[in-house]
Amino acid sequence: MTTNKSIEVVFSPALIQFHDVKNKIVVVIDILRATSSICVAFQTGVKKILPVATPEECKIYKEFDFVIAAERNAMKVENFDLGNSPFEFENPLLAGKSIAFTTTNGTKAIKLAKENGAAKIVIASFLNIDFLCNWLLNQNESVVLLCSGWKDKFNIEDSLFAGAVVLQLEKHFIVDCDSAIAAKSLYSQHETNLEEIIRQSSHAKRFKLLHLQTDDVSFCLQKNTTPLLPILEDEYLVRM
C-alpha cells in the first residue's frame, strides 16, 4: 500500500481538541439516532437540513417555513414538529422541505467539526455505510471518524460503527491511531452479534425506559438502505 491518507477515530466530541482535523474529512457518527435520521430524511426527499445548537434557536426557523425538529435526552421537545426518531423522517410529506434540527449529541458534533476546520463534513450511519466508504476511497484527504457519543461520553454504538468503517478502509489508509485500532477490534469482536451488544448500551436502555413505540435500535442497524451521502455545504446539510 502506498498512501499518505490516514484514518483516525475520535470517541467523543470532547476529544476533538486533541486531534488535528484541519483539511481532513470529518465523518460525523450518531447511530442512535441523529445521523441515521438525517440519512432517512434525504432518502425521503428533504431538500436541506440546518443543524442548530439549541431548541430556542431551532424554533425561530418555524417563521421561515422550516419544519422544526428537536430532541433532548432522547425525547422529542414539546411543541416541535419532529423529534429524532428515523421513523418520523420517513413521512413523504417532508419531500422538498427544509428542516431545522437540533439534538443532544449529533448536531453538536457537526458544529464542532466545522469550528475545528474540517475540509469536508459528511454524515454516516449503518444505513449508508457502503456508499460512505466507497466515496471516502475516492477522496484525497485523510479521514477523522467523529463519534457523537452521549453528552461527551464514550458510547458503544458510534464506536462500533467507526470500527466497521476502519475495517472496510484499512487496506487503503494508514491506520496508526490507537483509537482506530481499538474501534476495529471492538467491531470485529461483535460483528456477528451487533444488535445484541447495542441493545445493552445506555442509549438503547434509555429508549426502553421511555417506552418508545418504535424499535429505533433495529431500524438504525439496517445496512445500506439509504445509498446516499449528506454533506455540509456552508451552513446546510444537503444530499451530495
# chains A, B, ... in the order shown; residues from 1 in each chain; ligands from 1
>>> select_by_dssp(residues="range 41-204 of chain A", states="strand (DSSP E or B)", output="JSON, numbers by chain")
{"A": [48, 49, 50, 51, 67, 68, 69, 70, 71, 72, 75, 76, 82, 98, 99, 100, 101, 102, 118, 120, 121, 122, 123, 124, 143, 144, 145, 146, 147, 150, 153, 174]}
>>> write_last_selection(atoms="N, CA and C atoms", output="CSV table (one decimal), in the first residue's frame")
chain,number,residue,atom,x,y,z
A,48,LYS,N,-33.0,20.2,2.4
A,48,LYS,CA,-31.8,20.6,3.2
A,48,LYS,C,-32.1,20.6,4.7
A,49,ILE,N,-31.1,20.4,5.5
A,49,ILE,CA,-31.2,20.3,6.9
A,49,ILE,C,-30.2,21.3,7.5
A,50,LEU,N,-30.7,22.2,8.4
A,50,LEU,CA,-29.9,23.1,9.1
A,50,LEU,C,-29.6,22.6,10.5
A,51,PRO,N,-28.4,22.2,10.8
A,51,PRO,CA,-28.1,21.8,12.2
A,51,PRO,C,-28.0,23.1,13.1
A,67,VAL,N,-39.5,23.1,8.7
A,67,VAL,CA,-40.0,22.1,9.6
A,67,VAL,C,-39.0,22.1,10.8
A,68,ILE,N,-39.5,22.1,12.0
A,68,ILE,CA,-38.5,22.2,13.1
A,68,ILE,C,-38.5,20.9,13.9
A,69,ALA,N,-37.3,20.4,14.1
A,69,ALA,CA,-37.1,19.1,14.8
A,69,ALA,C,-36.2,19.3,16.0
A,70,ALA,N,-36.6,18.8,17.1
A,70,ALA,CA,-35.7,18.9,18.3
A,70,ALA,C,-35.8,17.8,19.3
A,71,GLU,N,-34.7,17.3,19.8
A,71,GLU,CA,-34.6,16.2,20.7
A,71,GLU,C,-33.6,16.6,21.8
A,72,ARG,N,-34.0,16.3,23.1
A,72,ARG,CA,-33.1,16.4,24.2
A,72,ARG,C,-33.4,15.2,25.1
A,75,MET,N,-35.8,12.5,24.1
A,75,MET,CA,-37.2,12.8,24.0
A,75,MET,C,-37.4,14.0,23.0
A,76,LYS,N,-38.5,13.9,22.2
A,76,LYS,CA,-38.9,15.0,21.4
A,76,LYS,C,-39.3,16.2,22.2
A,82,LEU,N,-41.1,17.6,14.8
A,82,LEU,CA,-40.5,16.3,14.8
A,82,LEU,C,-39.5,16.2,16.0
A,98,SER,N,-37.4,22.0,4.0
A,98,SER,CA,-36.2,22.3,4.7
A,98,SER,C,-36.5,22.1,6.2
A,99,ILE,N,-35.5,21.5,6.9
A,99,ILE,CA,-35.6,21.2,8.3
A,99,ILE,C,-34.6,21.9,9.1
A,100,ALA,N,-35.0,22.5,10.2
A,100,ALA,CA,-34.0,23.0,11.2
A,100,ALA,C,-34.0,21.9,12.3
A,101,PHE,N,-32.8,21.5,12.7
A,101,PHE,CA,-32.7,20.2,13.5
A,101,PHE,C,-31.7,20.4,14.7
A,102,THR,N,-32.1,20.1,15.9
A,102,THR,CA,-31.1,20.1,17.0
A,102,THR,C,-31.3,18.9,17.8
A,118,ALA,N,-12.6,21.4,9.6
A,118,ALA,CA,-12.6,20.3,8.7
A,118,ALA,C,-12.8,20.7,7.3
A,120,LYS,N,-14.1,18.8,4.8
A,120,LYS,CA,-15.5,18.4,4.4
A,120,LYS,C,-16.1,17.7,5.6
A,121,ILE,N,-17.4,17.8,5.8
A,121,ILE,CA,-18.1,17.2,6.9
A,121,ILE,C,-19.3,16.4,6.3
A,122,VAL,N,-19.2,15.1,6.5
A,122,VAL,CA,-20.3,14.2,6.0
A,122,VAL,C,-20.9,13.4,7.1
A,123,ILE,N,-22.1,12.8,6.8
A,123,ILE,CA,-22.9,12.2,7.8
A,123,ILE,C,-23.0,10.7,7.5
A,124,ALA,N,-22.8,9.9,8.6
A,124,ALA,CA,-22.6,8.5,8.4
A,124,ALA,C,-23.6,7.7,9.3
A,143,VAL,N,-9.0,11.1,6.9
A,143,VAL,CA,-10.3,10.9,7.4
A,143,VAL,C,-10.3,10.9,9.0
A,144,VAL,N,-11.2,11.6,9.6
A,144,VAL,CA,-11.4,11.6,11.0
A,144,VAL,C,-12.9,11.1,11.3
A,145,LEU,N,-13.0,10.0,11.9
A,145,LEU,CA,-14.4,9.5,12.3
A,145,LEU,C,-14.7,10.0,13.7
A,146,LEU,N,-15.7,10.9,13.7
A,146,LEU,CA,-16.1,11.6,14.9
A,146,LEU,C,-17.3,11.0,15.5
A,147,CYS,N,-17.2,10.3,16.6
A,147,CYS,CA,-18.3,9.7,17.3
A,147,CYS,C,-19.0,10.8,18.2
A,150,TRP,N,-22.4,10.3,24.0
A,150,TRP,CA,-23.6,10.7,24.8
A,150,TRP,C,-23.1,11.8,25.8
A,153,LYS,N,-19.6,11.7,26.5
A,153,LYS,CA,-19.1,10.4,27.0
A,153,LYS,C,-19.0,9.4,25.8
A,174,ILE,N,-3.6,4.7,6.1
A,174,ILE,CA,-2.7,4.5,7.2
A,174,ILE,C,-3.5,4.4,8.4
>>> select_by_dssp(residues="range 12-217 of chain A", states="helix (DSSP H, G or I)", output="JSON, numbers by chain")
{"A": [13, 14, 15, 16, 17, 18, 34, 35, 36, 37, 38, 39, 40, 41, 42, 43, 44, 55, 56, 57, 58, 59, 60, 61, 62, 63, 64, 86, 87, 88, 89, 90, 92, 93, 94, 106, 107, 108, 109, 110, 111, 112, 113, 114, 115, 126, 127, 128, 129, 130, 131, 132, 133, 134, 135, 136, 137, 156, 157, 158, 159, 160, 161, 162, 163, 164, 165, 166, 167, 168, 169, 178, 179, 180, 181, 182, 183, 184, 185, 186, 187, 188, 189, 190, 191, 192, 193, 194, 195, 196, 197, 198, 202, 203, 204, 205, 206, 207, 208, 209, 216, 217]}
>>> write_last_selection(atoms="C-alpha atoms", output="CSV table (one decimal), in the first residue's frame")
chain,number,residue,atom,x,y,z
A,13,PRO,CA,-16.7,15.3,20.8
A,14,ALA,CA,-14.8,16.3,24.0
A,15,LEU,CA,-11.6,14.7,22.5
A,16,ILE,CA,-11.7,16.6,19.1
A,17,GLN,CA,-9.4,19.2,20.6
A,18,PHE,CA,-6.6,16.6,20.7
A,34,ALA,CA,-29.4,11.8,14.6
A,35,THR,CA,-27.2,10.7,11.6
A,36,SER,CA,-29.5,7.7,10.9
A,37,SER,CA,-32.5,10.1,10.9
A,38,ILE,CA,-30.6,12.6,8.6
A,39,CYS,CA,-29.9,9.8,6.1
A,40,VAL,CA,-33.6,8.8,6.2
A,41,ALA,CA,-34.7,12.4,5.7
A,42,PHE,CA,-32.7,12.8,2.5
A,43,GLN,CA,-33.9,9.4,1.2
A,44,THR,CA,-37.5,10.7,1.8
A,55,PRO,CA,-34.2,24.3,20.7
A,56,GLU,CA,-34.7,28.0,21.2
A,57,GLU,CA,-32.7,28.8,18.0
A,58,CYS,CA,-34.4,26.0,16.2
A,59,LYS,CA,-37.9,27.4,17.0
A,60,ILE,CA,-37.0,30.7,15.2
A,61,TYR,CA,-36.9,28.9,11.8
A,62,LYS,CA,-40.6,28.0,12.0
A,63,GLU,CA,-41.2,31.6,10.9
A,64,PHE,CA,-39.2,30.9,7.8
A,86,PRO,CA,-35.9,7.9,12.0
A,87,PHE,CA,-39.5,6.8,11.6
A,88,GLU,CA,-40.6,10.4,11.8
A,89,PHE,CA,-38.4,11.3,8.9
A,90,GLU,CA,-40.0,8.7,6.6
A,92,PRO,CA,-43.5,11.6,2.4
A,93,LEU,CA,-44.9,15.0,3.2
A,94,LEU,CA,-41.4,16.1,4.1
A,106,GLY,CA,-25.2,14.7,16.8
A,107,THR,CA,-25.8,18.4,15.8
A,108,LYS,CA,-23.2,19.4,18.4
A,109,ALA,CA,-20.6,17.2,16.8
A,110,ILE,CA,-21.3,18.7,13.3
A,111,LYS,CA,-20.8,22.2,14.7
A,112,LEU,CA,-17.5,21.2,16.4
A,113,ALA,CA,-16.2,19.6,13.3
A,114,LYS,CA,-16.8,22.9,11.4
A,115,GLU,CA,-15.3,25.1,14.1
A,126,PHE,CA,-25.2,1.9,9.0
A,127,LEU,CA,-27.9,2.9,6.6
A,128,ASN,CA,-25.3,4.4,4.2
A,129,ILE,CA,-22.1,2.7,5.2
A,130,ASP,CA,-21.1,1.2,1.8
A,131,PHE,CA,-21.9,4.4,0.0
A,132,LEU,CA,-19.8,6.4,2.5
A,133,CYS,CA,-16.8,4.0,2.3
A,134,ASN,CA,-16.8,4.0,-1.5
A,135,TRP,CA,-16.9,7.8,-1.5
A,136,LEU,CA,-14.0,8.1,1.0
A,137,LEU,CA,-11.9,5.7,-1.1
A,156,ILE,CA,-20.7,1.8,22.1
A,157,GLU,CA,-22.9,2.1,19.1
A,158,ASP,CA,-20.9,5.0,17.5
A,159,SER,CA,-17.6,3.3,18.3
A,160,LEU,CA,-18.7,0.0,16.8
A,161,PHE,CA,-19.7,1.9,13.6
A,162,ALA,CA,-16.3,3.6,13.4
A,163,GLY,CA,-14.7,0.2,13.7
A,164,ALA,CA,-16.8,-1.1,10.8
A,165,VAL,CA,-15.6,1.8,8.7
A,166,VAL,CA,-11.9,1.2,9.7
A,167,LEU,CA,-12.3,-2.4,8.8
A,168,GLN,CA,-13.6,-1.6,5.3
A,169,LEU,CA,-10.9,1.1,4.6
A,178,ASP,CA,-4.8,3.7,18.7
A,179,SER,CA,-8.5,4.6,18.9
A,180,ALA,CA,-9.0,3.4,15.3
A,181,ILE,CA,-7.3,0.1,16.1
A,182,ALA,CA,-9.4,-0.3,19.2
A,183,ALA,CA,-12.6,0.5,17.3
A,184,LYS,CA,-11.8,-2.0,14.6
A,185,SER,CA,-11.1,-4.6,17.3
A,186,LEU,CA,-14.4,-3.9,19.0
A,187,TYR,CA,-16.3,-4.2,15.8
A,188,SER,CA,-14.5,-7.4,14.7
A,189,GLN,CA,-15.4,-8.9,18.1
A,190,HIS,CA,-19.1,-8.1,17.8
A,191,GLU,CA,-19.8,-8.1,14.1
A,192,THR,CA,-22.0,-11.2,14.4
A,193,ASN,CA,-23.9,-10.0,17.5
A,194,LEU,CA,-24.1,-6.3,16.8
A,195,GLU,CA,-27.7,-5.8,17.7
A,196,GLU,CA,-27.3,-7.8,20.9
A,197,ILE,CA,-24.4,-5.7,22.1
A,198,ILE,CA,-26.0,-2.4,21.2
A,202,SER,CA,-27.1,3.0,27.8
A,203,HIS,CA,-28.9,4.7,24.9
A,204,ALA,CA,-30.9,1.6,24.0
A,205,LYS,CA,-31.9,1.1,27.6
A,206,ARG,CA,-32.9,4.8,27.7
A,207,PHE,CA,-35.3,4.1,24.8
A,208,LYS,CA,-36.7,1.2,26.7
A,209,LEU,CA,-37.4,3.3,29.8
A,216,ASP,CA,-35.3,2.6,16.6
A,217,VAL,CA,-32.4,0.3,17.5
>>> atom_distance(atom1="CA of Ile231 in chain A", atom2="CA of Asp176 in chain A")
26.4 Å
>>> residues_around(residues="Ala95 in chain A", least_positions_apart="4", cutoff="8 Å", atoms="only C-alpha atoms", output="mmCIF file with C-alpha atoms, in the first residue's frame")
data_model
loop_
_atom_site.group_PDB
_atom_site.id
_atom_site.type_symbol
_atom_site.label_atom_id
_atom_site.label_comp_id
_atom_site.auth_asym_id
_atom_site.auth_seq_id
_atom_site.Cartn_x
_atom_site.Cartn_y
_atom_site.Cartn_z
ATOM 1 C CA THR A 44 -37.465 10.734 1.767
ATOM 2 C CA GLY A 45 -36.655 13.762 -0.364
ATOM 3 C CA VAL A 46 -35.928 16.507 2.171
ATOM 4 C CA LYS A 47 -34.253 19.481 0.438
#
>>> atom_distance(atom1="CA of Thr214 in chain A", atom2="CA of Ile29 in chain A")
21.2 Å
>>> atom_distance(atom1="CA of Cys220 in chain A", atom2="CA of Asn84 in chain A")
11.8 Å
